[in-house]
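coords_38.cif, holding mmCIF, C-alpha atoms:
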data_coords
#
loop_
_atom_site.label_atom_id
_atom_site.label_comp_id
_atom_site.auth_asym_id
_atom_site.auth_seq_id
_atom_site.Cartn_x
_atom_site.Cartn_y
_atom_site.Cartn_z
CA MET A 1 136.14 111.36 62.32
CA ASN A 2 139.57 112.96 62.52
CA VAL A 3 142.36 110.87 60.97
CA GLU A 4 146.04 111.74 61.46
CA PHE A 5 148.65 110.04 59.29
CA LEU A 6 151.59 110.04 61.67
CA GLY A 7 153.79 107.74 59.62
CA THR A 8 153.56 107.15 55.86
CA GLY A 9 156.64 105.09 55.01
CA ALA A 10 157.17 101.38 54.43
CA ALA A 11 159.29 99.14 56.68
CA GLU A 12 162.61 100.82 55.90
CA GLY A 13 161.29 104.39 56.12
CA VAL A 14 162.33 107.26 53.85
CA PRO A 15 165.22 107.88 53.85
CA ALA A 16 165.93 104.20 54.42
CA LEU A 17 168.08 103.52 57.44
CA PHE A 18 171.13 102.07 55.66
CA CYS A 19 170.57 103.34 52.11
CA ASN A 20 172.54 105.90 50.10
CA CYS A 21 170.55 105.80 46.87
CA GLY A 22 169.69 109.08 45.16
CA VAL A 23 166.17 109.17 46.60
CA CYS A 24 167.38 108.66 50.17
CA ALA A 25 170.27 111.10 49.82
CA LYS A 26 167.87 113.76 48.55
CA ALA A 27 165.35 113.00 51.30
CA ARG A 28 168.06 113.43 53.96
CA LYS A 29 169.19 116.71 52.46
CA LYS A 30 165.66 118.11 52.18
CA LYS A 31 164.45 116.55 55.45
CA GLU A 32 161.65 114.80 53.56
CA VAL A 33 161.14 112.13 56.18
CA ARG A 34 158.58 109.34 55.98
CA SER A 35 158.49 107.38 59.21
CA ARG A 36 156.94 103.95 59.69
CA ALA A 37 153.16 103.58 59.39
CA GLN A 38 150.80 104.74 62.12
CA VAL A 39 147.34 106.26 61.88
CA LEU A 40 145.56 108.00 64.76
CA VAL A 41 141.76 108.27 64.75
CA ASN A 42 140.09 110.92 66.92
CA GLY A 43 143.22 111.10 69.03
CA GLU A 44 142.24 107.90 70.85
CA LEU A 45 142.42 104.97 68.43
CA SER A 46 145.73 104.03 66.86
CA VAL A 47 146.09 101.69 63.93
CA ASP A 48 149.49 100.06 64.44
CA PHE A 49 152.32 101.16 66.71
CA PRO A 50 155.71 101.32 64.94
CA PRO A 51 159.23 101.87 66.28
CA ASP A 52 158.80 105.48 65.18
CA ALA A 53 156.01 106.16 67.69
CA PHE A 54 158.54 108.12 69.78
CA TYR A 55 159.21 110.36 66.76
CA HIS A 56 155.46 110.82 66.24
CA ALA A 57 155.10 112.04 69.81
CA ALA A 58 158.29 114.12 70.01
CA VAL A 59 158.25 115.75 66.58
CA LEU A 60 154.63 115.62 65.40
CA GLY A 61 153.14 116.26 68.82
CA ALA A 62 150.92 113.18 69.03
CA ASP A 63 149.75 112.54 72.59
CA LEU A 64 150.09 108.76 72.71
CA SER A 65 149.12 108.73 76.39
CA ALA A 66 145.59 109.54 75.20
CA VAL A 67 145.34 106.39 73.06
CA LYS A 68 142.68 104.10 74.52
CA TYR A 69 142.51 101.54 71.73
CA LEU A 70 145.12 100.01 69.43
CA LEU A 71 144.33 97.98 66.32
CA VAL A 72 147.25 95.89 65.09
CA THR A 73 147.29 94.88 61.43
CA HIS A 74 150.00 92.22 61.89
CA SER A 75 153.07 91.34 63.89
CA HIS A 76 155.85 92.73 61.66
CA PHE A 77 158.09 95.04 63.68
CA ASP A 78 157.38 98.15 61.60
CA HIS A 79 153.70 97.91 62.48
CA PHE A 80 153.87 96.55 66.03
CA TYR A 81 156.92 97.47 68.07
CA ALA A 82 155.72 95.95 71.32
CA HIS A 83 158.92 96.64 73.29
CA ASP A 84 157.85 100.25 73.87
CA PHE A 85 154.88 99.27 76.01
CA ILE A 86 157.12 98.56 78.99
CA LEU A 87 157.37 102.37 79.19
CA ARG A 88 153.60 102.92 79.44
CA GLY A 89 153.52 103.58 83.18
CA TYR A 90 155.67 103.27 86.30
CA LYS A 91 158.21 106.12 86.52
CA TYR A 92 158.39 106.37 82.71
CA ALA A 93 154.91 107.86 82.21
CA ARG A 94 153.10 110.31 84.45
CA ASP A 95 149.78 112.12 84.03
CA MET A 96 148.65 109.90 81.19
CA ARG A 97 145.30 110.91 79.74
CA SER A 98 144.13 107.32 79.32
CA PRO A 99 145.00 105.09 82.29
CA SER A 100 144.36 101.90 80.30
CA LEU A 101 145.01 100.56 76.81
CA ASP A 102 143.04 97.90 74.95
CA ILE A 103 144.98 96.19 72.16
CA TYR A 104 143.04 94.36 69.44
CA ALA A 105 145.22 91.99 67.41
CA ASN A 106 145.53 88.55 65.93
CA ALA A 107 146.90 85.62 67.93
CA GLU A 108 150.47 85.97 66.65
CA SER A 109 150.62 89.67 67.52
CA ALA A 110 149.45 88.79 71.03
CA GLU A 111 152.34 86.31 71.24
CA VAL A 112 154.77 88.95 70.00
CA PHE A 113 153.57 91.32 72.74
CA ALA A 114 154.22 88.64 75.37
CA GLU A 115 157.66 87.81 73.97
CA CYS A 116 158.82 91.42 73.71
CA THR A 117 157.64 92.53 77.14
CA ARG A 118 158.13 89.49 79.37
CA ARG A 119 161.55 90.58 80.67
CA GLU A 120 160.81 94.19 81.56
CA LEU A 121 157.07 94.80 81.82
CA ARG A 122 156.29 95.66 85.41
CA GLU A 123 153.16 94.16 86.91
CA GLU A 124 151.54 97.52 87.63
CA VAL A 125 151.96 98.43 83.95
CA ALA A 126 150.78 95.04 82.71
CA GLN A 127 147.55 95.45 84.66
CA THR A 128 146.65 98.53 82.59
CA ILE A 129 147.02 96.79 79.19
CA ARG A 130 144.45 94.31 77.91
CA ILE A 131 144.92 92.15 74.81
CA HIS A 132 141.87 91.11 72.79
CA THR A 133 142.35 88.45 70.11
CA LEU A 134 140.61 89.21 66.82
CA ARG A 135 139.55 86.92 64.00
CA ALA A 136 138.84 87.98 60.45
CA PHE A 137 135.24 89.06 59.80
CA GLU A 138 134.29 88.98 63.50
CA LYS A 139 133.08 92.38 64.69
CA ALA A 140 134.62 94.14 67.68
CA GLU A 141 132.84 97.00 69.49
CA PHE A 142 134.36 99.41 71.97
CA GLY A 143 134.08 103.09 72.88
CA GLY A 144 131.39 103.75 70.29
CA TYR A 145 133.49 102.19 67.51
CA ARG A 146 132.46 99.22 65.41
CA VAL A 147 135.48 97.51 63.85
CA TYR A 148 135.57 94.68 61.32
CA PRO A 149 138.93 92.95 60.79
CA LEU A 150 139.22 91.94 57.14
CA ALA A 151 141.66 89.54 55.52
CA ALA A 152 144.82 91.13 54.13
CA LYS A 153 147.15 89.59 51.57
CA HIS A 154 150.52 90.17 53.18
CA SER A 155 151.94 87.37 55.30
CA SER A 156 151.04 83.84 56.35
CA ASN A 157 149.96 84.81 59.85
CA ASP A 158 146.40 86.09 59.43
CA PRO A 159 147.14 89.78 58.80
CA PHE A 160 144.28 92.26 58.91
CA VAL A 161 143.04 95.40 57.27
CA PHE A 162 140.19 97.21 59.01
CA LEU A 163 136.78 98.73 58.45
CA ILE A 164 136.25 101.29 61.22
CA GLU A 165 132.86 102.87 61.89
CA LYS A 166 131.83 105.56 64.36
CA ASP A 167 129.10 108.21 64.51
CA GLY A 168 127.83 107.33 61.06
CA LYS A 169 131.28 107.59 59.43
CA ARG A 170 133.16 104.79 57.72
CA MET A 171 136.90 104.40 57.21
CA LEU A 172 138.44 101.49 55.30
CA HIS A 173 142.12 101.13 56.15
CA LEU A 174 143.89 99.02 53.51
CA CYS A 175 147.50 99.28 54.61
CA ASP A 176 150.15 96.56 54.19
CA THR A 177 148.24 94.40 51.78
CA GLY A 178 148.29 93.33 48.18
CA LEU A 179 145.11 92.99 46.16
CA LEU A 180 142.34 92.14 48.61
CA PRO A 181 141.37 88.48 48.98
CA GLU A 182 138.04 87.87 47.28
CA GLU A 183 136.12 86.98 50.44
CA ASN A 184 136.39 90.58 51.62
CA TYR A 185 134.11 91.87 48.89
CA ALA A 186 131.34 89.40 49.66
CA PHE A 187 131.58 90.25 53.34
CA LEU A 188 131.49 94.01 52.77
CA ARG A 189 128.54 93.62 50.40
CA SER A 190 126.68 91.74 53.14
CA LEU A 191 127.15 94.67 55.54
CA GLY A 192 125.45 97.12 53.17
CA GLY A 193 125.05 100.72 54.27
CA THR A 194 126.56 103.88 52.88
CA PRO A 195 129.87 104.22 51.01
CA CYS A 196 133.06 104.83 52.97
CA ASP A 197 133.95 108.39 53.82
CA LEU A 198 137.67 107.58 53.68
CA ILE A 199 139.75 104.77 52.20
CA THR A 200 143.49 104.51 52.79
CA PHE A 201 145.44 102.47 50.25
CA ASP A 202 148.75 100.68 50.57
CA CYS A 203 150.77 102.32 47.79
CA THR A 204 154.18 100.86 48.52
CA PHE A 205 155.07 100.56 44.81
CA LEU A 206 153.52 103.87 43.69
CA TRP A 207 154.04 103.92 39.88
CA GLU A 208 155.48 100.40 39.65
CA GLU A 209 153.14 97.51 38.89
CA ALA A 210 152.87 94.99 41.69
CA SER A 211 152.68 91.23 41.26
CA ARG A 212 149.11 89.94 41.34
CA ASN A 213 150.10 87.73 44.26
CA GLY A 214 152.23 90.41 45.88
CA ARG A 215 152.06 91.64 49.45
CA HIS A 216 151.74 95.32 48.56
CA MET A 217 150.11 97.54 45.95
CA GLY A 218 150.85 100.46 43.69
CA LEU A 219 148.54 102.97 42.03
CA LYS A 220 147.34 100.51 39.38
CA GLU A 221 146.32 97.98 42.02
CA ASN A 222 144.75 100.70 44.17
CA MET A 223 142.46 101.59 41.28
CA GLN A 224 141.54 97.93 40.77
CA VAL A 225 140.50 97.64 44.41
CA LEU A 226 138.65 100.95 44.24
CA ALA A 227 136.66 99.76 41.22
CA ARG A 228 135.60 96.63 43.08
CA LEU A 229 134.58 98.67 46.12
CA GLU A 230 132.53 100.99 43.89
CA GLU A 231 130.78 97.95 42.40
CA ILE A 232 129.56 96.82 45.81
CA GLY A 233 128.64 100.31 47.01
CA PHE A 234 131.52 100.76 49.43
CA ALA A 235 133.11 103.66 47.56
CA ALA A 236 131.63 106.63 45.72
CA ALA A 237 132.64 109.95 44.21
CA ARG A 238 132.53 111.60 47.64
CA THR A 239 134.89 109.05 49.18
CA LYS A 240 138.27 110.53 50.12
CA LYS A 241 141.06 108.31 48.82
CA VAL A 242 144.46 108.50 50.52
CA ILE A 243 147.59 106.67 49.35
CA THR A 244 150.28 105.87 51.92
CA HIS A 245 152.98 103.37 53.04
CA PHE A 246 155.56 104.40 50.44
CA SER A 247 158.87 102.60 49.89
CA HIS A 248 162.01 104.56 49.09
CA ASN A 249 162.37 102.23 46.08
CA SER A 250 159.25 103.78 44.53
CA ALA A 251 160.76 107.30 44.72
CA PRO A 252 157.94 109.04 46.64
CA THR A 253 159.22 112.52 45.83
CA ALA A 254 156.96 115.56 46.04
CA GLU A 255 156.93 115.72 42.24
CA ASN A 256 155.89 112.08 41.81
CA LEU A 257 153.17 112.37 44.43
CA ARG A 258 151.73 115.56 42.93
CA ARG A 259 151.52 113.71 39.63
CA ALA A 260 149.69 110.83 41.32
CA GLU A 261 147.21 113.22 42.91
CA ALA A 262 146.51 114.92 39.58
CA GLU A 263 146.17 111.74 37.52
CA TYR A 264 144.30 109.53 39.98
CA GLY A 265 142.30 111.92 42.13
CA VAL A 266 143.90 110.72 45.36
CA ILE A 267 145.43 112.44 48.37
CA ALA A 268 149.10 111.54 48.86
CA ALA A 269 149.70 111.24 52.57
CA TYR A 270 152.72 112.73 54.33
CA ASP A 271 153.82 112.50 57.95
CA GLY A 272 151.48 114.76 59.89
CA LEU A 273 148.63 114.91 57.35
CA THR A 274 145.18 115.22 58.95
CA VAL A 275 142.01 114.27 57.09
CA THR A 276 138.59 115.00 58.59
CA VAL A 277 135.44 113.26 57.38
#

Whole structure, structure tokens version:
Amino acid sequence: MNVEFLGTGAAEGVPALFCNCGVCAKARKKKEVRSRAQVLVNGELSVDFPPDAFYHAAVLGADLSAVKYLLVTHSHFDHFYAHDFILRGYKYARDMRSPSLDIYANAESAEVFAECTRRELREEVAQTIRIHTLRAFEKAEFGGYRVYPLAAKHSSNDPFVFLIEKDGKRMLHLCDTGLLPEENYAFLRSLGGTPCDLITFDCTFLWEEASRNGRHMGLKENMQVLARLEEIGFAAARTKKVITHFSHNSAPTAENLRRAEAEYGVIAAYDGLTVTV
């Protein structure tokens, strides 16, 4: 399983769009950019599709025409910028590697897609995009993947995090969530099997402590979730642990992230990082 972290920033990105704080000023000067969150698995499965997808294609070289499947965590614009799909065909896109796209999302994200594309989506493009509505804990299978949507703690509109399995590999993508709702652990325990090969953690707050009922996590909360996953056999010493989704407010400087890697045994993601498991 080849996992590309195309975007590793929170909603505002780093440097934040309208911010002139010291962190953002330094990031602009050093070109330490963190675009909005997107992960690409095996070049064909995308988790989320942010407004920075254009940047991921133009600057990082991601071939988004090859994406066959899209998992949407939730409907917030920084994770699902549906407007761009009007460009997936017609005279805007030629020689695409995948002629069709299957989007797997909750009911609200499906509504957002309809709202954002209804004015400009041409019929010949619409016919190549299929929306599949997901529900938490109900398995979806496609293209050799087995995907379990899990319940995230983020918004009131049934947001997801995902367990993704293919070819004997397991990836647990915990992005844009606070501490996991308790029902996730019982469900994962019921699945059994081997520990995850890769876990990605929402680390929006980095060194800051998050509220127990918060919508994001920092390193302390990441370790709490990791301990629970180890208890149920879903994480082990061999599991690669990646932190991502950083806010500019948490000062995700190279120095701070190196410290996190050294103290917590994690991999700090950056735009363009590739992890193979």

Excluding range 7-22 of chain A and its own-chain neighbours fewer than 3 positions away, which residues fall within 9 Å of it when counting all atoms listed in the file? Please give them as a PyMOL selection string. chain A and resi 4+25-28+31-39+50+52-53+56+76-79+176+204+243-249+252+269-272

For range 131-134 of chain A, work out the shell of residues within 10 Å, counting all atoms listed in the file and skipping chain neighbours fewer than 6 positions away, then give it as a list in words.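 Neighbouring residues, sequence-local ones excluded: Leu70, Leu71, Val72, Leu101, Asp102, Ile103, Tyr104, Ala105, Asn106, Ala107, Glu108, Ser109, Ala110, Phe113, Ala114, Ala140, Tyr148, Pro149, Asp158 and Phe160 of chain A.
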
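Residue nearest Ala235 in chain A, chosen from A:Ser211, A:Thr194, A:Asn222, A:Thr253 and counting all atoms listed in the file: A:Thr194.
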
Kindly resolve the PyMOL selection byres ((chain A and resi 178-191) around 6) on the present coordinates and return the residues as a PyMOL selection string. chain A and resi 153+177+192+214-217+232

Within 12 Å of range 273-277 of chain A, which residues of range 110-188 of chain A come that close, and what is the closest atom pair and distance in Å for each? Count only C-alpha atoms and give it as JSON lines.
{"residue": "A:Glu165", "atom": "CA", "partner": "A:Val277", "partner_atom": "CA", "distance": 11.6}
{"residue": "A:Lys166", "atom": "CA", "partner": "A:Val277", "partner_atom": "CA", "distance": 11.0}
{"residue": "A:Asp167", "atom": "CA", "partner": "A:Val277", "partner_atom": "CA", "distance": 10.8}
{"residue": "A:Gly168", "atom": "CA", "partner": "A:Val277", "partner_atom": "CA", "distance": 10.3}
{"residue": "A:Lys169", "atom": "CA", "partner": "A:Val277", "partner_atom": "CA", "distance": 7.3}
{"residue": "A:Arg170", "atom": "CA", "partner": "A:Val277", "partner_atom": "CA", "distance": 8.8}
{"residue": "A:Met171", "atom": "CA", "partner": "A:Val277", "partner_atom": "CA", "distance": 9.0}

What do you get, as a list in words, if you spell out every residue that the PyMOL selection byres ((chain A and resi 218) around 7) selects here?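 Given this file, the PyMOL selection byres ((chain A and resi 218) around 7) evaluates to Cys203, Thr204, Phe205, Leu206, Trp207, Glu208, Glu209, Ala210, Met217, Leu219, Lys220, Glu221 and Asn222 of chain A.
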
Once the PyMOL selection byres ((chain A and resi 96) around 10) has been evaluated on this model, what residues remain selected, and can you format them as a PyMOL selection string? chain A and resi 63-67+88-89+93-95+97-100
